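Reviewing the structure listed below.
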Amino acid sequence: MNARTAFDLIFRRAATRSSDTPVDIGVSDGRIVAIASRLESQAREIDVDGRLVLPGFVDSHIHLDKACLLGRCGHDHGSVNEAIRAVAAMKRDFTVEDVYTRGARVLERAIVHGTTRMRTHVEIDPRIGLRGFEAIKALKRDYAWAMIDLSICVFPQEGLTNDPGTEQLLVAGLRDGGDLIGGCPYMDTDPMAQLEKLFDLAQAFDVDVDLHLDFDLDPSWWHLDEVLRQTERRNYQGRVAIGHASKLSALPPREFDAAAARLARAGVAVTVLPATDLYLMGRDATHNAPRGLTAAHKLVEKGVLCSVATNNVLNPFTPFGDCSLLRMANLYANVAYAGISEFDTCLDLVTGLPARLMNLRDYGIAPGNPADIIVLDTTTGRDAIAELPDVLMGFKNGRQVFERHSPVRFPPG
Ligand SMILES: [Zn+2]
């Protein structure tokens with residue numbers, strides 16, 4: 001192409017996951033406009049010297065509103081219910097400024113670890129009202145320069161049908177900036193009625209559904225069948241995700257395969273949240289503890305859309321977190337016994353697959369898409385999972401968002 005004046009910026013010699021040899025990536029007006037082995041241009045150049053470029057990490061499940069609470073509560077919450085109770089007690093005192101400050105801390109760390117898209121759940125109920133939601137909307141606005149489409153999922157953490165006033169607040173959230181609806185049927189005195197109501201609201205507002213489904217290791221009962229039934233009844237295939245799904249980790253192979261086939265058929269996606277699942281599951285065991293981590297890469301093999309995501313950061317649900325999705329994918333790969341030949345799928349679980357789960361239509365290093373590009377200090381996807389390389393720089397719409405410098409060694413002499 002005649003490209004001498006067509007580019008604002010060129011990435012030279014970039015390793016991509018779709019090409020065997022390094023390519024040049026031409027950017028104009030914030031968008032990728034050309035990819036070729038050599039682009040002629042006088043534009044500003046960034047020579048990435050054969051390093052791997054990705055379109056950024058996609059965090060499909062995080063809770064910005066209840067992040068960074070360590071030090072504010074007593075510690076050693078060992079169970080899901082204790083964690084929910086601890087946060088519920090603190091939540092009453094949350095202010096808009098408080099949620100904003102803690103959420104900003106998470107976003108700023110996520111940005112420098114290369115996250116470019118994110119879906120955050122936000123708790124809404126009569127105690128917190130819309131304060132958390134207002135703070136998240138402000139964060140979405142203020143961090144759009146680094147993270148377009150912070151998607152906001154409004155959800156009732158403490159029950160819906162048993163918590164008068166919650167439904168009206170969810171409706172208010174959906175009317176005023178909520179992008180989709182979530183839920184937590186296991187916290188409701190009537191889980192089936194909660195699911196029915198959530199799907200009613202989703203259809204009424206034409207938004208996707210992202211549920212916290214099960215959070216234990218007893219596969220003798222679950223709400224999965226009802227989620228699949230509602231999805232199919234309402235033609236919501238491709239618009240529903242379930243988070244944790246830890247019961248799937250407790251299934252023997254034949255039942256696991258059957259569940260995978262049903263999830264794939266219904267078009268329901270699964271998000272695995274390694275840091276939280278590993279922290280909260282299997283605590284009753286005195287030894288040989290089950291890890292409670294559903295094998296997302298095995299589900300992917302069977303046609304289920306899956307992602308691996310952050311969930312909680314530094315709170316009673318998960319007292320860890322550096323907001324690095326690459327680290328999360330590495331943790332997942334290690335604990336889930338992913339083979340080396342499956343490392344690429346593990347990287348997909350924090351990039352292209354969650355982008356599909358979120359129904360993002362403009363994600364990927366391809367002409368026409370926004371120039372959202374991160375550069376990793378390695379050359380292949382497999383090595384990215386194996387080595388946890390530094391993310392050296394990131395760009396949003398062709399504008400540089402951050403840079404990380406390599407450590408310098410000072411040998412004697
Ligand atoms: Zn969650």
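Chain labels follow the order of the structure tokens: the first chain is A, the next B, and so on; residue numbering restarts at 1 in every chain, and ligands are counted from 1 in their shown order.
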Practice item. As a list of chain:residue names, list the residues of stretch 173-362 of chain A assigned to strand (DSSP E) by DSSP on the backbone atoms of this structure. Key: A:Leu180, A:Ile181, A:Gly182, A:Gly183, A:Asp208, A:Val209, A:Asp210, A:Leu211, A:His212, A:Val240, A:Ala241, A:Ile242, A:Gly243, A:Val268, A:Ala269, A:Val270, A:Thr271, A:Val272, A:Cys306, A:Ser307, A:Val308
Check your understanding: Neighbours of ligand 1 within 7 Å, counting only C-alpha atoms and all ligand atoms, as JSON, numbers by chain?
Key -> {"A": [61, 62, 63, 121, 212, 243, 311, 312]}
Give me a file of those residues, with N, CA, C and O atoms, as an mmCIF file, in the first residue's frame.
data_model
loop_
_atom_site.group_PDB
_atom_site.id
_atom_site.type_symbol
_atom_site.label_atom_id
_atom_site.label_comp_id
_atom_site.auth_asym_id
_atom_site.auth_seq_id
_atom_site.Cartn_x
_atom_site.Cartn_y
_atom_site.Cartn_z
ATOM 1 N N HIS A 61 -13.825 -10.599 35.053
ATOM 2 C CA HIS A 61 -14.553 -10.732 36.334
ATOM 3 C C HIS A 61 -13.686 -10.198 37.473
ATOM 4 O O HIS A 61 -12.729 -10.833 37.904
ATOM 5 N N ILE A 62 -14.040 -9.002 37.941
ATOM 6 C CA ILE A 62 -13.311 -8.409 39.069
ATOM 7 C C ILE A 62 -14.325 -7.637 39.919
ATOM 8 O O ILE A 62 -15.435 -7.338 39.456
ATOM 9 N N HIS A 63 -13.944 -7.371 41.163
ATOM 10 C CA HIS A 63 -14.808 -6.574 42.060
ATOM 11 C C HIS A 63 -14.020 -5.356 42.518
ATOM 12 O O HIS A 63 -13.341 -5.394 43.549
ATOM 13 N N HIS A 121 -17.911 -6.339 38.624
ATOM 14 C CA HIS A 121 -19.193 -6.503 39.314
ATOM 15 C C HIS A 121 -19.306 -5.395 40.364
ATOM 16 O O HIS A 121 -18.304 -4.983 40.939
ATOM 17 N N HIS A 212 -22.586 -15.299 39.697
ATOM 18 C CA HIS A 212 -21.759 -16.070 40.618
ATOM 19 C C HIS A 212 -22.541 -17.347 40.869
ATOM 20 O O HIS A 212 -23.589 -17.306 41.504
ATOM 21 N N GLY A 243 -19.540 -17.588 36.985
ATOM 22 C CA GLY A 243 -18.235 -17.465 37.632
ATOM 23 C C GLY A 243 -18.053 -18.513 38.716
ATOM 24 O O GLY A 243 -19.022 -18.908 39.364
ATOM 25 N N ASN A 311 -11.161 -11.668 39.963
ATOM 26 C CA ASN A 311 -12.177 -11.664 41.017
ATOM 27 C C ASN A 311 -11.827 -10.672 42.120
ATOM 28 O O ASN A 311 -12.012 -9.486 41.963
ATOM 29 N N ASN A 312 -11.301 -11.155 43.234
ATOM 30 C CA ASN A 312 -11.078 -10.245 44.367
ATOM 31 C C ASN A 312 -9.611 -9.937 44.566
ATOM 32 O O ASN A 312 -8.742 -10.740 44.254
#
Revision key, fill the gap. Residue with the minimum atom-to-atom distance to A:Pro252, picked from A:Arg399, A:Pro219, A:Leu198, A:Val80 with only C-alpha atoms counted, is A:Pro219
Review point. If you count only C-alpha atoms, which residues fall within 10 Å of A:His244, apart from same-chain ones fewer than 5 positions away, as a list in words?
Key: Leu211, His212, Leu213, Asp214, Phe215, Asp216, Ser249, Val270, Thr271, Val272, Leu273, Pro274, Thr276, Asp277, Gly292, Leu293, Thr294, Val308, Ala309 and Asn311 of chain A
Take the residues from that selection and put them in a file with all heavy atoms, as a tab-separated table (two decimals), in the first residue's frame.
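File produced: part06.tsv:
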chain	number	residue	atom	x	y	z
A	211	LEU	N	-23.25	-14.52	36.22
A	211	LEU	CA	-23.67	-14.98	37.54
A	211	LEU	C	-22.50	-15.51	38.37
A	211	LEU	O	-21.56	-16.10	37.83
A	211	LEU	CB	-24.67	-16.12	37.38
A	211	LEU	CG	-25.93	-15.78	36.58
A	211	LEU	CD1	-26.63	-17.06	36.16
A	211	LEU	CD2	-26.85	-14.90	37.41
A	212	HIS	N	-22.59	-15.30	39.70
A	212	HIS	CA	-21.76	-16.07	40.62
A	212	HIS	C	-22.54	-17.35	40.87
A	212	HIS	O	-23.59	-17.31	41.50
A	212	HIS	CB	-21.57	-15.30	41.92
A	212	HIS	CG	-20.65	-14.12	41.77
A	212	HIS	ND1	-21.05	-12.95	41.17
A	212	HIS	CD2	-19.35	-13.96	42.11
A	212	HIS	CE1	-20.02	-12.11	41.17
A	212	HIS	NE2	-18.98	-12.69	41.73
A	213	LEU	N	-22.06	-18.45	40.35
A	213	LEU	CA	-22.95	-19.60	40.44
A	213	LEU	C	-22.71	-20.40	41.69
A	213	LEU	O	-23.27	-20.11	42.73
A	213	LEU	CB	-22.90	-20.46	39.19
A	213	LEU	CG	-24.18	-21.30	39.09
A	213	LEU	CD1	-25.41	-20.44	39.06
A	213	LEU	CD2	-24.15	-22.24	37.92
A	214	ASP	N	-21.86	-21.41	41.64
A	214	ASP	CA	-21.76	-22.17	42.88
A	214	ASP	C	-20.40	-21.93	43.51
A	214	ASP	O	-19.47	-21.47	42.87
A	214	ASP	CB	-22.02	-23.65	42.65
A	214	ASP	CG	-21.37	-24.16	41.38
A	214	ASP	OD1	-20.16	-24.00	41.24
A	214	ASP	OD2	-22.10	-24.68	40.54
A	215	PHE	N	-20.34	-22.22	44.78
A	215	PHE	CA	-19.12	-21.90	45.49
A	215	PHE	C	-18.89	-22.95	46.56
A	215	PHE	O	-18.71	-22.66	47.73
A	215	PHE	CB	-19.25	-20.50	46.10
A	215	PHE	CG	-17.95	-19.74	46.09
A	215	PHE	CD1	-17.93	-18.39	46.35
A	215	PHE	CD2	-16.75	-20.37	45.83
A	215	PHE	CE1	-16.75	-17.67	46.34
A	215	PHE	CE2	-15.56	-19.68	45.82
A	215	PHE	CZ	-15.56	-18.33	46.07
A	216	ASP	N	-18.97	-24.21	46.12
A	216	ASP	CA	-18.69	-25.34	47.02
A	216	ASP	C	-18.34	-26.51	46.13
A	216	ASP	O	-18.33	-26.39	44.90
A	216	ASP	CB	-19.92	-25.65	47.90
A	216	ASP	CG	-21.11	-26.07	47.06
A	216	ASP	OD1	-21.10	-27.22	46.58
A	216	ASP	OD2	-22.03	-25.26	46.87
A	249	SER	N	-15.37	-28.79	39.29
A	249	SER	CA	-14.06	-29.35	39.61
A	249	SER	C	-14.19	-30.64	40.41
A	249	SER	O	-13.23	-31.39	40.55
A	249	SER	CB	-13.21	-28.34	40.40
A	249	SER	OG	-13.65	-28.27	41.75
A	270	VAL	N	-17.94	-20.04	31.10
A	270	VAL	CA	-17.48	-20.30	32.47
A	270	VAL	C	-16.23	-19.47	32.76
A	270	VAL	O	-15.29	-19.49	31.98
A	270	VAL	CB	-17.16	-21.80	32.68
A	270	VAL	CG1	-16.54	-22.04	34.05
A	270	VAL	CG2	-18.41	-22.66	32.49
A	271	THR	N	-16.27	-18.74	33.88
A	271	THR	CA	-15.10	-17.98	34.31
A	271	THR	C	-14.52	-18.59	35.57
A	271	THR	O	-15.23	-18.73	36.57
A	271	THR	CB	-15.48	-16.51	34.59
A	271	THR	OG1	-15.95	-15.92	33.38
A	271	THR	CG2	-14.28	-15.73	35.09
A	272	VAL	N	-13.26	-18.99	35.49
A	272	VAL	CA	-12.58	-19.58	36.63
A	272	VAL	C	-11.75	-18.49	37.31
A	272	VAL	O	-11.11	-17.67	36.64
A	272	VAL	CB	-11.71	-20.77	36.17
A	272	VAL	CG1	-10.82	-21.27	37.29
A	272	VAL	CG2	-12.61	-21.90	35.67
A	273	LEU	N	-11.80	-18.48	38.64
A	273	LEU	CA	-11.19	-17.40	39.42
A	273	LEU	C	-10.18	-18.01	40.39
A	273	LEU	O	-10.47	-18.23	41.57
A	273	LEU	CB	-12.31	-16.63	40.14
A	273	LEU	CG	-13.37	-16.12	39.14
A	273	LEU	CD1	-14.70	-15.87	39.80
A	273	LEU	CD2	-12.86	-14.89	38.42
A	274	PRO	N	-8.98	-18.32	39.86
A	274	PRO	CA	-8.05	-19.17	40.61
A	274	PRO	C	-7.70	-18.66	42.00
A	274	PRO	O	-7.68	-19.44	42.96
A	274	PRO	CB	-6.80	-19.19	39.72
A	274	PRO	CG	-7.30	-18.88	38.35
A	274	PRO	CD	-8.44	-17.94	38.55
A	276	THR	N	-9.26	-16.82	44.21
A	276	THR	CA	-10.32	-16.98	45.20
A	276	THR	C	-10.68	-18.45	45.39
A	276	THR	O	-10.85	-18.91	46.52
A	276	THR	CB	-11.57	-16.19	44.76
A	276	THR	OG1	-11.20	-14.84	44.55
A	276	THR	CG2	-12.65	-16.26	45.81
A	277	ASP	N	-10.80	-19.18	44.30
A	277	ASP	CA	-11.19	-20.59	44.41
A	277	ASP	C	-10.14	-21.36	45.23
A	277	ASP	O	-10.49	-22.16	46.09
A	277	ASP	CB	-11.36	-21.21	43.02
A	277	ASP	CG	-12.53	-20.57	42.26
A	277	ASP	OD1	-13.36	-19.90	42.90
A	277	ASP	OD2	-12.60	-20.74	41.03
A	292	GLY	N	-10.46	-27.18	44.18
A	292	GLY	CA	-11.70	-26.50	43.82
A	292	GLY	C	-11.61	-25.64	42.57
A	292	GLY	O	-12.41	-24.73	42.37
A	293	LEU	N	-10.60	-25.95	41.75
A	293	LEU	CA	-10.37	-25.13	40.56
A	293	LEU	C	-10.88	-25.89	39.34
A	293	LEU	O	-10.36	-26.95	39.00
A	293	LEU	CB	-8.86	-24.88	40.43
A	293	LEU	CG	-8.43	-23.82	39.44
A	293	LEU	CD1	-8.84	-22.45	39.91
A	293	LEU	CD2	-6.91	-23.88	39.26
A	294	THR	N	-11.88	-25.34	38.68
A	294	THR	CA	-12.44	-26.01	37.50
A	294	THR	C	-11.46	-25.93	36.33
A	294	THR	O	-10.83	-24.88	36.10
A	294	THR	CB	-13.80	-25.39	37.15
A	294	THR	OG1	-14.74	-25.85	38.14
A	294	THR	CG2	-14.28	-25.81	35.77
A	308	VAL	N	-10.23	-16.95	32.50
A	308	VAL	CA	-9.63	-16.93	33.83
A	308	VAL	C	-9.54	-15.47	34.22
A	308	VAL	O	-9.14	-14.63	33.40
A	308	VAL	CB	-8.24	-17.60	33.81
A	308	VAL	CG1	-7.40	-17.17	35.01
A	308	VAL	CG2	-8.37	-19.12	33.79
A	309	ALA	N	-9.95	-15.15	35.45
A	309	ALA	CA	-10.01	-13.73	35.81
A	309	ALA	C	-9.58	-13.51	37.26
A	309	ALA	O	-9.30	-14.45	37.99
A	309	ALA	CB	-11.43	-13.19	35.57
A	311	ASN	N	-11.16	-11.67	39.96
A	311	ASN	CA	-12.18	-11.66	41.02
A	311	ASN	C	-11.83	-10.67	42.12
A	311	ASN	O	-12.01	-9.49	41.96
A	311	ASN	CB	-12.41	-13.06	41.58
A	311	ASN	CG	-13.73	-13.15	42.33
A	311	ASN	OD1	-14.70	-12.52	41.93
A	311	ASN	ND2	-13.79	-13.92	43.41
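Close contacts of A:Phe133, defined as residues with an atom at most 10 Å away when counting only C-alpha atoms, with chain neighbours fewer than 6 positions off set aside, comprise A:Asp65, A:Val96, A:Val99, A:Tyr100, A:His121, A:Val122, A:Glu123, A:Ile124, A:Leu139, A:Ile152, A:Cys153, A:Val154, A:Gly173, A:Asp176, A:Gly177, A:Gly178.
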Exercise for review: Skip A:Ile128 itself and residues of its chain fewer than 3 positions away, then list as a ChimeraX atom specification all residues within 10 Å of it, counting only C-alpha atoms.
Suggested key: /A:88,90-96,123-125,131-133
With N, CA and C atoms retained, write the just-selected residues as a short mmCIF file (atom, residue, chain, number, x, y, z; two decimals), in the first residue's frame.
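Output (again_33.cif):
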data_model
loop_
_atom_site.label_atom_id
_atom_site.label_comp_id
_atom_site.auth_asym_id
_atom_site.auth_seq_id
_atom_site.Cartn_x
_atom_site.Cartn_y
_atom_site.Cartn_z
N ALA A 88 -20.02 -7.49 54.05
CA ALA A 88 -21.34 -6.87 54.25
C ALA A 88 -21.29 -5.87 55.40
N MET A 90 -18.62 -4.20 56.49
CA MET A 90 -17.82 -3.01 56.12
C MET A 90 -18.54 -2.15 55.09
N LYS A 91 -19.33 -2.80 54.25
CA LYS A 91 -19.97 -2.12 53.12
C LYS A 91 -20.88 -0.97 53.57
N ARG A 92 -21.47 -1.12 54.75
CA ARG A 92 -22.40 -0.09 55.24
C ARG A 92 -21.70 1.27 55.34
N ASP A 93 -20.38 1.22 55.59
CA ASP A 93 -19.65 2.48 55.76
C ASP A 93 -18.96 2.96 54.48
N PHE A 94 -19.10 2.21 53.39
CA PHE A 94 -18.45 2.65 52.14
C PHE A 94 -19.03 4.00 51.70
N THR A 95 -18.15 4.90 51.31
CA THR A 95 -18.59 6.14 50.67
C THR A 95 -18.18 6.10 49.21
N VAL A 96 -18.72 7.00 48.42
CA VAL A 96 -18.34 7.07 47.00
C VAL A 96 -16.83 7.28 46.89
N GLU A 123 -21.75 -4.34 43.74
CA GLU A 123 -22.84 -4.75 44.63
C GLU A 123 -23.86 -3.62 44.77
N ILE A 124 -25.12 -4.03 44.66
CA ILE A 124 -26.21 -3.07 44.83
C ILE A 124 -27.25 -3.70 45.76
N ASP A 125 -27.59 -3.00 46.81
CA ASP A 125 -28.63 -3.45 47.75
C ASP A 125 -29.00 -2.25 48.61
N ARG A 131 -24.09 3.91 45.99
CA ARG A 131 -22.81 4.61 46.23
C ARG A 131 -21.65 3.92 45.51
N GLY A 132 -21.58 2.59 45.65
CA GLY A 132 -20.51 1.86 44.96
C GLY A 132 -20.62 2.04 43.46
N PHE A 133 -21.83 1.95 42.97
CA PHE A 133 -22.11 2.09 41.53
C PHE A 133 -21.68 3.46 41.02
#
Check your understanding: Could you write out, as an MDAnalysis selection string, all the residues of stretch 222-310 of chain A that DSSP marks as alpha helix (DSSP H)?
Key -> chainID A and resid 224:233 253:266 274:280 296:301
How would the residues just chosen look if you wrote them out with N, CA, C and O atoms as a tab-separated table (two decimals), in the first residue's frame?
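result_5.tsv, freshly written:
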chain	number	residue	atom	x	y	z
A	224	LEU	N	-27.02	-25.03	38.05
A	224	LEU	CA	-26.57	-24.96	36.66
A	224	LEU	C	-27.69	-25.35	35.68
A	224	LEU	O	-27.87	-24.70	34.64
A	225	ASP	N	-28.44	-26.39	36.03
A	225	ASP	CA	-29.51	-26.83	35.12
A	225	ASP	C	-30.49	-25.68	34.84
A	225	ASP	O	-30.94	-25.49	33.71
A	226	GLU	N	-30.82	-24.95	35.91
A	226	GLU	CA	-31.79	-23.86	35.75
A	226	GLU	C	-31.19	-22.72	34.89
A	226	GLU	O	-31.89	-22.11	34.08
A	227	VAL	N	-29.89	-22.46	35.07
A	227	VAL	CA	-29.24	-21.43	34.24
A	227	VAL	C	-29.28	-21.83	32.77
A	227	VAL	O	-29.60	-21.02	31.89
A	228	LEU	N	-28.98	-23.11	32.51
A	228	LEU	CA	-29.00	-23.59	31.12
A	228	LEU	C	-30.42	-23.51	30.55
A	228	LEU	O	-30.63	-23.10	29.41
A	229	ARG	N	-31.40	-23.88	31.39
A	229	ARG	CA	-32.80	-23.87	30.94
A	229	ARG	C	-33.25	-22.44	30.61
A	229	ARG	O	-33.85	-22.18	29.57
A	230	GLN	N	-32.91	-21.51	31.53
A	230	GLN	CA	-33.30	-20.11	31.30
A	230	GLN	C	-32.62	-19.56	30.05
A	230	GLN	O	-33.22	-18.83	29.26
A	231	THR	N	-31.35	-19.90	29.88
A	231	THR	CA	-30.59	-19.40	28.72
A	231	THR	C	-31.24	-19.84	27.42
A	231	THR	O	-31.43	-19.04	26.50
A	232	GLU	N	-31.58	-21.11	27.37
A	232	GLU	CA	-32.15	-21.64	26.12
A	232	GLU	C	-33.57	-21.13	25.91
A	232	GLU	O	-33.96	-20.78	24.80
A	233	ARG	N	-34.34	-21.08	27.01
A	233	ARG	CA	-35.74	-20.64	26.89
A	233	ARG	C	-35.81	-19.21	26.36
A	233	ARG	O	-36.73	-18.85	25.63
A	253	PRO	N	-14.67	-37.73	35.39
A	253	PRO	CA	-14.56	-37.39	33.97
A	253	PRO	C	-15.85	-37.50	33.18
A	253	PRO	O	-16.16	-36.60	32.39
A	254	ARG	N	-16.60	-38.57	33.37
A	254	ARG	CA	-17.79	-38.74	32.52
A	254	ARG	C	-18.82	-37.63	32.77
A	254	ARG	O	-19.38	-37.05	31.84
A	255	GLU	N	-19.04	-37.33	34.04
A	255	GLU	CA	-20.01	-36.27	34.38
A	255	GLU	C	-19.48	-34.90	33.95
A	255	GLU	O	-20.24	-34.03	33.52
A	256	PHE	N	-18.16	-34.71	34.08
A	256	PHE	CA	-17.55	-33.45	33.63
A	256	PHE	C	-17.79	-33.26	32.13
A	256	PHE	O	-18.19	-32.18	31.68
A	257	ASP	N	-17.56	-34.32	31.37
A	257	ASP	CA	-17.75	-34.24	29.92
A	257	ASP	C	-19.21	-33.94	29.59
A	257	ASP	O	-19.50	-33.16	28.66
A	258	ALA	N	-20.13	-34.55	30.33
A	258	ALA	CA	-21.55	-34.32	30.07
A	258	ALA	C	-21.91	-32.87	30.36
A	258	ALA	O	-22.63	-32.21	29.59
A	259	ALA	N	-21.40	-32.34	31.47
A	259	ALA	CA	-21.67	-30.94	31.82
A	259	ALA	C	-21.08	-30.01	30.76
A	259	ALA	O	-21.71	-29.02	30.35
A	260	ALA	N	-19.87	-30.34	30.29
A	260	ALA	CA	-19.22	-29.52	29.26
A	260	ALA	C	-20.08	-29.49	27.99
A	260	ALA	O	-20.28	-28.42	27.39
A	261	ALA	N	-20.60	-30.64	27.62
A	261	ALA	CA	-21.42	-30.71	26.40
A	261	ALA	C	-22.66	-29.85	26.55
A	261	ALA	O	-23.07	-29.15	25.61
A	262	ARG	N	-23.26	-29.85	27.75
A	262	ARG	CA	-24.47	-29.05	27.95
A	262	ARG	C	-24.16	-27.56	27.97
A	262	ARG	O	-24.92	-26.74	27.44
A	263	LEU	N	-23.03	-27.20	28.60
A	263	LEU	CA	-22.63	-25.78	28.60
A	263	LEU	C	-22.38	-25.30	27.18
A	263	LEU	O	-22.81	-24.20	26.79
A	264	ALA	N	-21.68	-26.13	26.40
A	264	ALA	CA	-21.35	-25.74	25.03
A	264	ALA	C	-22.63	-25.59	24.21
A	264	ALA	O	-22.78	-24.63	23.44
A	265	ARG	N	-23.56	-26.52	24.39
A	265	ARG	CA	-24.79	-26.50	23.61
A	265	ARG	C	-25.62	-25.26	23.95
A	265	ARG	O	-26.22	-24.62	23.09
A	266	ALA	N	-25.64	-24.91	25.24
A	266	ALA	CA	-26.45	-23.76	25.67
A	266	ALA	C	-25.73	-22.43	25.46
A	266	ALA	O	-26.31	-21.36	25.67
A	274	PRO	N	-8.98	-18.32	39.86
A	274	PRO	CA	-8.05	-19.17	40.61
A	274	PRO	C	-7.70	-18.66	42.00
A	274	PRO	O	-7.68	-19.44	42.96
A	275	ALA	N	-7.44	-17.36	42.14
A	275	ALA	CA	-6.95	-16.87	43.44
A	275	ALA	C	-8.00	-17.10	44.52
A	275	ALA	O	-7.68	-17.54	45.64
A	276	THR	N	-9.26	-16.82	44.21
A	276	THR	CA	-10.32	-16.98	45.20
A	276	THR	C	-10.68	-18.45	45.39
A	276	THR	O	-10.85	-18.91	46.52
A	277	ASP	N	-10.80	-19.18	44.30
A	277	ASP	CA	-11.19	-20.59	44.41
A	277	ASP	C	-10.14	-21.36	45.23
A	277	ASP	O	-10.49	-22.16	46.09
A	278	LEU	N	-8.89	-21.11	44.97
A	278	LEU	CA	-7.83	-21.81	45.71
A	278	LEU	C	-7.82	-21.41	47.17
A	278	LEU	O	-7.52	-22.22	48.05
A	279	TYR	N	-8.16	-20.15	47.44
A	279	TYR	CA	-8.11	-19.67	48.82
A	279	TYR	C	-9.29	-20.19	49.64
A	279	TYR	O	-9.14	-20.54	50.81
A	280	LEU	N	-10.46	-20.28	49.04
A	280	LEU	CA	-11.67	-20.59	49.81
A	280	LEU	C	-12.14	-22.04	49.72
A	280	LEU	O	-12.87	-22.50	50.59
A	296	ALA	N	-10.62	-25.09	33.26
A	296	ALA	CA	-11.13	-24.27	32.15
A	296	ALA	C	-10.55	-24.71	30.81
A	296	ALA	O	-11.27	-24.75	29.80
A	297	HIS	N	-9.27	-25.04	30.80
A	297	HIS	CA	-8.66	-25.39	29.50
A	297	HIS	C	-9.25	-26.69	28.96
A	297	HIS	O	-9.32	-26.89	27.75
A	298	LYS	N	-9.69	-27.58	29.85
A	298	LYS	CA	-10.35	-28.81	29.40
A	298	LYS	C	-11.76	-28.51	28.88
A	298	LYS	O	-12.23	-29.13	27.93
A	299	LEU	N	-12.42	-27.56	29.51
A	299	LEU	CA	-13.74	-27.15	29.01
A	299	LEU	C	-13.61	-26.51	27.63
A	299	LEU	O	-14.43	-26.75	26.73
A	300	VAL	N	-12.57	-25.71	27.46
A	300	VAL	CA	-12.33	-25.07	26.15
A	300	VAL	C	-12.17	-26.13	25.07
A	300	VAL	O	-12.74	-26.01	23.97
A	301	GLU	N	-11.41	-27.16	25.40
A	301	GLU	CA	-11.20	-28.27	24.46
A	301	GLU	C	-12.54	-28.87	24.01
A	301	GLU	O	-12.68	-29.36	22.90
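Remark: for A:Glu403, the closest of the candidate residues A:Gly114, A:Met328, A:Gly71, A:Asp49 is A:Gly114 (distances computed over only C-alpha atoms).
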Review point. Using only C-alpha atoms, which residues sit within 8 Å of A:Pro156 once same-chain residues fewer than 3 positions away are excluded, as number ranges by chain?
Key: A: 123-125, 159-160, 166, 170, 182-184
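Remark: for A:Cys73, the closest of the candidate residues A:Gln400, A:Asn369, A:Asn315, A:Ser324 is A:Asn315 (distances computed over only C-alpha atoms).
Nearest to A:Asn359 of all the residues A:Gly238, A:Phe320, A:Thr21, A:Ala338 is A:Gly238, counting only C-alpha atoms.
When only C-alpha atoms are used to measure the gap to A:Gly129, the shortest distance among A:Val33, A:Ala172, A:Leu201, A:Leu388 belongs to A:Ala172.
Taking atom CA of A:Met147 and atom CA of A:Val58 as the two end points, the separation is 10.1 Å.
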